[in-house]
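File shown: target02.json. Contents: JSON, C-alpha atoms.
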[["chain", "number", "residue", "atom", "x", "y", "z"],
["A", 1, "MET", "CA", -50.53, 237.08, 53.52],
["A", 2, "SER", "CA", -53.14, 239.73, 53.95],
["A", 3, "LYS", "CA", -55.52, 239.76, 56.86],
["A", 4, "ALA", "CA", -58.45, 238.96, 54.54],
["A", 5, "ALA", "CA", -56.58, 235.97, 53.10],
["A", 6, "ARG", "CA", -55.76, 234.68, 56.57],
["A", 7, "GLN", "CA", -59.41, 234.92, 57.60],
["A", 8, "ARG", "CA", -60.52, 233.15, 54.42],
["A", 9, "SER", "CA", -57.98, 230.36, 55.01],
["A", 10, "ALA", "CA", -59.17, 229.93, 58.60],
["A", 11, "ARG", "CA", -62.77, 229.72, 57.46],
["A", 12, "GLU", "CA", -61.85, 227.08, 54.87],
["A", 13, "ARG", "CA", -59.96, 225.00, 57.45],
["A", 14, "LEU", "CA", -62.91, 225.24, 59.83],
["A", 15, "ALA", "CA", -65.31, 224.20, 57.07],
["A", 16, "GLU", "CA", -63.11, 221.21, 56.18],
["A", 17, "GLU", "CA", -62.90, 220.17, 59.83],
["A", 18, "ARG", "CA", -66.67, 220.40, 60.19],
["A", 19, "LYS", "CA", -67.06, 218.34, 57.01],
["A", 20, "ARG", "CA", -64.71, 215.66, 58.38],
["A", 21, "GLN", "CA", -66.61, 215.61, 61.67],
["A", 22, "ALA", "CA", -69.92, 215.28, 59.86],
["A", 23, "GLN", "CA", -68.58, 212.40, 57.76],
["A", 24, "LYS", "CA", -67.21, 210.73, 60.90],
["A", 25, "GLN", "CA", -70.55, 211.07, 62.65],
["A", 26, "GLN", "CA", -72.34, 209.70, 59.59],
["A", 27, "ARG", "CA", -70.03, 206.67, 59.56],
["A", 28, "MET", "CA", -70.63, 206.14, 63.29],
["A", 29, "ARG", "CA", -74.42, 206.30, 62.80],
["A", 30, "ALA", "CA", -74.21, 203.82, 59.95],
["A", 31, "LEU", "CA", -72.06, 201.50, 62.08],
["A", 32, "THR", "CA", -74.48, 201.80, 65.02],
["A", 33, "ILE", "CA", -77.44, 200.97, 62.78],
["A", 34, "ALA", "CA", -75.62, 197.97, 61.33],
["A", 35, "ILE", "CA", -74.67, 196.66, 64.77],
["A", 36, "SER", "CA", -78.25, 197.16, 66.02],
["A", 37, "ALA", "CA", -79.61, 195.29, 63.01],
["A", 38, "LEU", "CA", -77.19, 192.41, 63.60],
["A", 39, "ALA", "CA", -78.20, 192.32, 67.27],
["A", 40, "ILE", "CA", -81.88, 192.12, 66.33],
["A", 41, "VAL", "CA", -81.18, 189.32, 63.86],
["A", 42, "ALA", "CA", -79.12, 187.45, 66.48],
["A", 43, "LEU", "CA", -81.90, 187.85, 69.04],
["A", 44, "ALA", "CA", -84.45, 186.57, 66.53],
["A", 45, "VAL", "CA", -82.27, 183.52, 65.87],
["A", 46, "VAL", "CA", -81.90, 182.83, 69.60],
["A", 47, "VAL", "CA", -85.65, 183.14, 70.15],
["A", 48, "THR", "CA", -86.37, 180.87, 67.18],
["A", 49, "VAL", "CA", -83.94, 178.23, 68.41],
["A", 50, "TYR", "CA", -85.43, 178.45, 71.90],
["A", 51, "VAL", "CA", -88.98, 178.04, 70.61],
["A", 52, "VAL", "CA", -88.03, 175.13, 68.36],
["A", 53, "ASN", "CA", -86.07, 173.42, 71.12],
["A", 54, "LYS", "CA", -88.93, 173.94, 73.55],
["A", 55, "LYS", "CA", -91.40, 172.53, 71.05],
["A", 56, "ASP", "CA", -89.15, 169.55, 70.38],
["A", 57, "LYS", "CA", -88.70, 169.03, 74.11],
["A", 58, "ASN", "CA", -92.47, 168.92, 74.65],
["A", 59, "THR", "CA", -93.15, 166.70, 71.65],
["A", 60, "TYR", "CA", -92.75, 163.01, 72.44],
["A", 61, "THR", "CA", -90.95, 161.20, 69.65],
["A", 62, "GLY", "CA", -90.19, 157.87, 71.33],
["A", 63, "ALA", "CA", -92.03, 154.57, 71.14],
["A", 64, "LEU", "CA", -95.55, 154.37, 72.55],
["A", 65, "ALA", "CA", -96.97, 151.48, 74.53],
["A", 66, "PRO", "CA", -100.06, 149.90, 72.95],
["A", 67, "ALA", "CA", -103.31, 151.68, 73.78],
["A", 68, "THR", "CA", -106.65, 149.91, 74.07],
["A", 69, "ARG", "CA", -110.12, 151.31, 74.71],
["A", 70, "MET", "CA", -111.98, 149.78, 77.59],
["A", 71, "ALA", "CA", -115.72, 149.14, 77.36],
["A", 72, "ASP", "CA", -116.48, 152.26, 79.41],
["A", 73, "GLY", "CA", -114.41, 154.54, 77.14],
["A", 74, "ARG", "CA", -111.27, 154.87, 79.22],
["A", 75, "ILE", "CA", -107.92, 154.27, 77.53],
["A", 76, "LEU", "CA", -105.37, 151.81, 78.88],
["A", 77, "MET", "CA", -101.82, 152.48, 77.71],
["A", 78, "GLY", "CA", -99.51, 149.62, 78.55],
["A", 79, "LYS", "CA", -98.08, 146.38, 77.29],
["A", 80, "PRO", "CA", -100.65, 143.54, 77.16],
["A", 81, "GLY", "CA", -100.65, 141.37, 80.27],
["A", 82, "LEU", "CA", -98.03, 143.53, 81.96],
["A", 83, "LYS", "CA", -97.92, 143.58, 85.73],
["A", 84, "ALA", "CA", -96.72, 147.06, 86.68],
["A", 85, "PRO", "CA", -97.65, 150.06, 88.83],
["A", 86, "MET", "CA", -100.99, 151.56, 87.78],
["A", 87, "LEU", "CA", -101.26, 155.28, 87.04],
["A", 88, "GLU", "CA", -104.83, 156.59, 86.73],
["A", 89, "MET", "CA", -105.15, 160.07, 85.25],
["A", 90, "PHE", "CA", -108.33, 162.16, 85.51],
["A", 91, "GLU", "CA", -108.23, 165.18, 83.22],
["A", 92, "ASP", "CA", -110.27, 167.79, 81.39],
["A", 93, "PHE", "CA", -108.87, 168.99, 78.07],
["A", 94, "GLN", "CA", -109.81, 172.60, 78.89],
["A", 95, "CYS", "CA", -107.87, 172.49, 82.18],
["A", 96, "PRO", "CA", -104.73, 174.71, 81.98],
["A", 97, "ILE", "CA", -102.93, 172.78, 84.73],
["A", 98, "CYS", "CA", -103.64, 169.51, 82.90],
["A", 99, "LYS", "CA", -101.92, 170.99, 79.87],
["A", 100, "GLU", "CA", -99.00, 172.09, 82.03],
["A", 101, "MET", "CA", -98.67, 168.61, 83.51],
["A", 102, "GLU", "CA", -98.79, 167.06, 80.06],
["A", 103, "SER", "CA", -96.13, 169.49, 78.83],
["A", 104, "THR", "CA", -93.95, 168.89, 81.89],
["A", 105, "SER", "CA", -94.36, 165.19, 82.67],
["A", 106, "GLY", "CA", -96.19, 163.67, 79.71],
["A", 107, "ASN", "CA", -93.01, 162.47, 78.01],
["A", 108, "THR", "CA", -91.85, 160.73, 81.20],
["A", 109, "ILE", "CA", -95.18, 158.92, 81.54],
["A", 110, "LYS", "CA", -95.16, 157.75, 77.92],
["A", 111, "ARG", "CA", -91.54, 156.62, 78.10],
["A", 112, "LEU", "CA", -92.08, 154.61, 81.27],
["A", 113, "ALA", "CA", -95.18, 152.97, 79.76],
["A", 114, "ALA", "CA", -93.24, 152.07, 76.61],
["A", 115, "GLU", "CA", -90.50, 150.59, 78.81],
["A", 116, "GLY", "CA", -93.05, 148.44, 80.60],
["A", 117, "LYS", "CA", -92.56, 150.20, 83.93],
["A", 118, "VAL", "CA", -96.11, 151.52, 84.34],
["A", 119, "ASN", "CA", -99.63, 151.00, 83.04],
["A", 120, "VAL", "CA", -101.61, 154.17, 82.45],
["A", 121, "ILE", "CA", -105.37, 154.67, 82.40],
["A", 122, "TYR", "CA", -106.59, 157.94, 80.89],
["A", 123, "ASN", "CA", -109.92, 159.17, 82.28],
["A", 124, "PRO", "CA", -110.97, 162.27, 80.33],
["A", 125, "PHE", "CA", -114.20, 163.75, 81.65],
["A", 126, "TRP", "CA", -116.36, 166.91, 81.63],
["A", 127, "LEU", "CA", -115.21, 168.77, 84.71],
["A", 128, "PHE", "CA", -116.40, 172.17, 83.51],
["A", 129, "LYS", "CA", -120.02, 171.28, 82.79],
["A", 130, "GLU", "CA", -121.23, 173.89, 85.29],
["A", 131, "ARG", "CA", -118.99, 176.68, 84.00],
["A", 132, "GLU", "CA", -120.00, 179.51, 81.69],
["A", 133, "GLU", "CA", -119.46, 179.47, 77.94],
["A", 134, "PRO", "CA", -117.18, 179.09, 76.13],
["A", 135, "ILE", "CA", -115.33, 177.04, 78.78],
["A", 136, "ARG", "CA", -118.26, 174.65, 79.19],
["A", 137, "GLY", "CA", -118.63, 173.89, 75.49],
["A", 138, "ASN", "CA", -114.87, 173.68, 74.89],
["A", 139, "SER", "CA", -114.56, 171.06, 77.60],
["A", 140, "GLN", "CA", -117.55, 169.07, 76.39],
["A", 141, "ARG", "CA", -116.63, 168.97, 72.69],
["A", 142, "ALA", "CA", -113.03, 167.93, 73.42],
["A", 143, "ALA", "CA", -114.13, 165.10, 75.74],
["A", 144, "ASN", "CA", -116.61, 163.84, 73.15],
["A", 145, "ALA", "CA", -114.09, 163.99, 70.30],
["A", 146, "ALA", "CA", -111.49, 162.14, 72.36],
["A", 147, "LEU", "CA", -113.96, 159.29, 72.89],
["A", 148, "CYS", "CA", -114.64, 159.27, 69.14],
["A", 149, "ALA", "CA", -110.94, 158.83, 68.28],
["A", 150, "PRO", "CA", -109.63, 155.30, 67.59],
["A", 151, "ALA", "CA", -107.60, 153.71, 70.38],
["A", 152, "ASP", "CA", -104.45, 153.21, 68.33],
["A", 153, "LYS", "CA", -104.29, 156.95, 67.60],
["A", 154, "TRP", "CA", -105.71, 158.11, 70.90],
["A", 155, "VAL", "CA", -102.56, 159.14, 72.74],
["A", 156, "LYS", "CA", -101.34, 161.31, 69.85],
["A", 157, "TYR", "CA", -104.80, 162.83, 69.51],
["A", 158, "HIS", "CA", -104.84, 163.47, 73.26],
["A", 159, "ASP", "CA", -101.52, 165.33, 72.96],
["A", 160, "THR", "CA", -102.72, 167.31, 69.94],
["A", 161, "ILE", "CA", -105.82, 168.51, 71.79],
["A", 162, "TYR", "CA", -103.68, 169.81, 74.64],
["A", 163, "LYS", "CA", -101.25, 171.56, 72.31],
["A", 164, "ASN", "CA", -104.18, 173.44, 70.81],
["A", 165, "GLN", "CA", -105.96, 174.22, 74.07],
["A", 166, "PRO", "CA", -107.59, 177.67, 73.88],
["A", 167, "ALA", "CA", -106.82, 180.23, 76.54],
["A", 168, "GLU", "CA", -109.27, 179.99, 79.41],
["A", 169, "GLY", "CA", -112.30, 182.08, 78.53],
["A", 170, "SER", "CA", -111.64, 181.92, 74.77],
["A", 171, "ALA", "CA", -113.65, 179.90, 72.27],
["A", 172, "GLY", "CA", -111.89, 176.84, 70.87],
["A", 173, "PHE", "CA", -112.04, 173.12, 70.15],
["A", 174, "SER", "CA", -114.41, 173.72, 67.24],
["A", 175, "ASN", "CA", -115.76, 170.67, 65.45],
["A", 176, "LYS", "CA", -113.82, 171.75, 62.37],
["A", 177, "ASP", "CA", -110.54, 171.74, 64.30],
["A", 178, "LEU", "CA", -111.27, 168.54, 66.19],
["A", 179, "ILE", "CA", -112.01, 166.77, 62.90],
["A", 180, "GLY", "CA", -109.02, 168.38, 61.20],
["A", 181, "TRP", "CA", -106.63, 167.12, 63.86],
["A", 182, "GLY", "CA", -108.00, 163.64, 63.28],
["A", 183, "LYS", "CA", -107.28, 164.04, 59.59],
["A", 184, "ASP", "CA", -103.73, 165.10, 60.40],
["A", 185, "LEU", "CA", -103.30, 161.87, 62.35],
["A", 186, "GLY", "CA", -104.84, 159.71, 59.63],
["A", 187, "PHE", "CA", -108.35, 158.93, 60.87],
["A", 188, "ASP", "CA", -110.59, 161.48, 59.20],
["A", 189, "THR", "CA", -113.34, 158.95, 58.48],
["A", 190, "PRO", "CA", -117.03, 159.72, 57.95],
["A", 191, "ALA", "CA", -117.80, 157.82, 61.16],
["A", 192, "PHE", "CA", -115.39, 159.96, 63.17],
["A", 193, "GLU", "CA", -116.74, 163.17, 61.64],
["A", 194, "GLN", "CA", -120.33, 162.17, 62.43],
["A", 195, "CYS", "CA", -119.35, 161.18, 65.95],
["A", 196, "VAL", "CA", -117.78, 164.59, 66.58],
["A", 197, "LYS", "CA", -120.49, 166.70, 64.96],
["A", 198, "GLY", "CA", -123.35, 164.69, 66.45],
["A", 199, "MET", "CA", -121.85, 164.51, 69.97],
["A", 200, "GLN", "CA", -122.42, 160.77, 69.73],
["A", 201, "LYS", "CA", -120.34, 159.97, 72.82],
["A", 202, "GLN", "CA", -122.25, 162.34, 75.10],
["A", 203, "SER", "CA", -123.79, 159.57, 77.21],
["A", 204, "GLN", "CA", -120.33, 158.06, 77.69],
["A", 205, "VAL", "CA", -118.93, 161.47, 78.61],
["A", 206, "ASP", "CA", -121.66, 161.75, 81.24],
["A", 207, "SER", "CA", -120.91, 158.26, 82.57],
["A", 208, "MET", "CA", -117.19, 158.96, 82.85],
["A", 209, "THR", "CA", -117.92, 162.29, 84.53],
["A", 210, "ASN", "CA", -120.19, 160.61, 87.08],
["A", 211, "TYR", "CA", -117.53, 157.98, 87.70],
["A", 212, "ALA", "CA", -114.83, 160.59, 88.29],
["A", 213, "GLU", "CA", -116.88, 162.84, 90.53],
["A", 214, "GLN", "CA", -119.05, 160.34, 92.39],
["A", 215, "ALA", "CA", -117.16, 157.05, 92.52],
["A", 216, "ARG", "CA", -113.63, 158.49, 92.71],
["A", 217, "LYS", "CA", -114.50, 161.80, 94.42],
["A", 218, "VAL", "CA", -112.47, 163.84, 91.93],
["A", 219, "THR", "CA", -113.09, 167.56, 92.48],
["A", 220, "GLY", "CA", -110.37, 169.08, 90.31],
["A", 221, "THR", "CA", -107.94, 168.29, 87.56],
["A", 222, "PRO", "CA", -105.43, 166.94, 87.08],
["A", 223, "THR", "CA", -106.06, 164.22, 89.65],
["A", 224, "VAL", "CA", -103.67, 161.29, 89.38],
["A", 225, "TYR", "CA", -103.59, 158.08, 91.40],
["A", 226, "LEU", "CA", -100.63, 155.71, 91.62],
["A", 227, "ASN", "CA", -101.85, 152.30, 92.78],
["A", 228, "GLY", "CA", -104.88, 154.09, 94.23],
["A", 229, "GLN", "CA", -102.91, 156.75, 96.10],
["A", 230, "SER", "CA", -103.32, 160.39, 95.08],
["A", 231, "LEU", "CA", -100.13, 162.12, 93.89],
["A", 232, "ASP", "CA", -99.26, 165.67, 94.89],
["A", 233, "LEU", "CA", -99.45, 168.17, 92.03],
["A", 234, "SER", "CA", -96.60, 170.56, 92.85],
["A", 235, "ASN", "CA", -94.13, 168.10, 94.35],
["A", 236, "VAL", "CA", -94.68, 165.10, 92.08],
["A", 237, "LEU", "CA", -96.87, 165.60, 89.01],
["A", 238, "LEU", "CA", -95.10, 168.76, 87.84],
["A", 239, "LYS", "CA", -91.65, 167.33, 88.57],
["A", 240, "PRO", "CA", -90.80, 164.55, 86.08],
["A", 241, "SER", "CA", -87.89, 163.17, 88.12],
["A", 242, "ALA", "CA", -90.05, 162.96, 91.26],
["A", 243, "LEU", "CA", -92.88, 161.33, 89.32],
["A", 244, "GLU", "CA", -90.53, 158.76, 87.79],
["A", 245, "LYS", "CA", -89.05, 158.01, 91.21],
["A", 246, "ALA", "CA", -92.53, 157.45, 92.65],
["A", 247, "ILE", "CA", -93.54, 155.14, 89.80],
["A", 248, "LEU", "CA", -90.35, 153.07, 90.00],
["A", 249, "ALA", "CA", -90.81, 152.70, 93.75],
["A", 250, "ALA", "CA", -94.43, 151.53, 93.46],
["A", 251, "LYS", "CA", -95.38, 147.87, 93.58],
["A", 252, "PRO", "CA", -96.44, 146.13, 90.36],
["A", 253, "VAL", "CA", -100.13, 145.30, 90.21],
["A", 254, "ASP", "CA", -102.30, 143.46, 87.71],
["A", 255, "ALA", "CA", -103.50, 145.61, 84.84],
["A", 256, "THR", "CA", -107.03, 145.49, 86.20],
["A", 257, "PRO", "CA", -108.58, 148.94, 86.45],
["A", 258, "SER", "CA", -110.95, 150.16, 89.12],
["A", 259, "ALA", "CA", -114.65, 149.48, 88.74],
["A", 260, "ALA", "CA", -116.03, 150.71, 85.45],
["A", 261, "PRO", "CA", -118.18, 153.84, 85.32],
["A", 262, "THR", "CA", -121.88, 153.36, 85.76],
["A", 263, "ALA", "CA", -123.89, 154.42, 82.73],
["A", 264, "THR", "CA", -125.96, 157.56, 83.13],
["A", 265, "PRO", "CA", -129.61, 156.57, 83.68],
["A", 266, "SER", "CA", -131.90, 157.20, 80.76],
["A", 267, "GLY", "CA", -133.24, 160.73, 80.72],
["A", 268, "SER", "CA", -130.62, 162.14, 83.10],
["A", 269, "ALA", "CA", -127.87, 162.93, 80.65],
["A", 270, "SER", "CA", -126.25, 166.31, 80.99],
["A", 271, "PRO", "CA", -127.55, 168.93, 78.58],
["A", 272, "THR", "CA", -125.59, 169.22, 75.38],
["A", 273, "ALA", "CA", -123.75, 172.45, 74.67],
["A", 274, "LYS", "CA", -124.12, 174.03, 71.27],
["A", 275, "SER", "CA", -121.60, 172.60, 68.86],
["A", 276, "SER", "CA", -119.00, 175.04, 67.57],
["A", 277, "LYS", "CA", -118.85, 175.16, 63.81]]
Conversion result in structure tokens:
Amino acid sequence: MSKAARQRSARERLAEERKRQAQKQQRMRALTIAISALAIVALAVVVTVYVVNKKDKNTYTGALAPATRMADGRILMGKPGLKAPMLEMFEDFQCPICKEMESTSGNTIKRLAAEGKVNVIYNPFWLFKEREEPIRGNSQRAANAALCAPADKWVKYHDTIYKNQPAEGSAGFSNKDLIGWGKDLGFDTPAFEQCVKGMQKQSQVDSMTNYAEQARKVTGTPTVYLNGQSLDLSNVLLKPSALEKAILAAKPVDATPSAAPTATPSGSASPTAKSSK
């Protein structure tokens, strides 16, 4: 074989080797892309399952104790005539920690009430009346709408409001949404719509706010009393097992709530925030 032929043969072998290497690298890139795509899909599935499970965990699906509206607007959740520990909850629907407590311990409270182990009084009020907008108006509209909701749907409406709580400092709880959530729960009546849009429960909101702040000396939310004794937020309210232990250890009392709120004197009602459309 001539020298020229040998050189040509070497060049051909080198070209073939380079071609094989290029094909190998191409296959490796394709495999890497495929594995990366599968990893992304797997991660998306894991995240979806986590979110769904978390949502399911925070959504109460068990039986609810009967709820009745007291003359002053507060809601009593408990079996009629039941003698059990009394849990009084003071909350503002715009309060982020109230939402956290509801998400963390709300299911435990509802379950124990349904089992006849506790009576619960919900005291929603307008804590943020002195704050800037939109926090002030968010708080006010949600409190008013909650008082407009029928008692038999109140607990589910209460939970829905919290699930849709706007980030602090963001506008939310529009009349449209508050009415829409009522429709979702089956009570989108003209009376409810007028009550929400017209802020028809404002005087009651003021009364309940005065009761919380003046009679019960509530300065922040959530504030929760068990048989009149304040419960610690970090060590009890945000720990379902600790809260359940405290409730089960408390003495049963008659389902007679503390003194009713005093109505706001005529002409001294808090100013009404502009309704959100």
inquiry  = Report as an NGL selection string all protein, DNA and RNA residues lying within 12 Å of Cys148 (chain A), evaluated on only C-alpha atoms, omitting residues in the same chain fewer than 2 positions from it.
reply    = :A and (69 or 73-75 or 141-146 or 150-154 or 157-158 or 178-179 or 182 or 187-202 or 204-205)
Judged by all atoms listed in the file, the minimum distance to Gly172 (chain A) among A:Lys110, A:Leu231, A:Lys99, A:Gln94 is found for A:Gln94
- Task: Please identify all polymer residues within 7 Å of region 235-238 of chain A, counting all atoms listed in the file, omitting same-chain residues fewer than 6 positions from it, and present them as a ChimeraX atom specification.
- Result: /A:101,104-105
I'd like the neighbourhood of Thr209 (chain A) as a VMD selection string, where a residue qualifies if any of its atoms comes within 8 Å (using only C-alpha atoms), though same-chain residues fewer than 4 positions away should be ignored. chain A and resid 125 to 127 205 213
Inset, instruction - Report the distance between CA of Ile40 (chain A) and CA of Thr59 (chain A) in Å, rounded to one decimal place. - result: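 The value is 28.3 Å.
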Using all atoms listed in the file, pick whichever of A:Ser230, A:Thr221, A:Ser207, A:Thr68 has the shortest atom-to-atom distance to Ile121 (chain A).
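Ranking A:Ser230, A:Thr221, A:Ser207, A:Thr68 by distance to Ile121 (chain A), first place goes to A:Thr68.
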Requested in this report: Quote the spacing between CA of Asn164 (chain A) and CA of Tyr225 (chain A) in Å to one decimal place.
Outcome: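 Computing it gives 25.7 Å between the two atoms.
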CA of Met89 (chain A) sits from CA of Leu226 (chain A) at a separation of 8.9 Å
| task | Give the answer as one residue: which of A:Leu76, A:Ile109, A:Ala171, A:Val155 has the shortest atom-to-atom distance to Pro134 (chain A), using all atoms listed in the file? | result |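 Looking only at the distances to Pro134 (chain A), the closest residue turns out to be A:Ala171.
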Counting all atoms listed in the file, closest pick from A:Glu244, A:Glu88, A:Asp177, A:Asp184 relative to Val120 (chain A) is A:Glu88
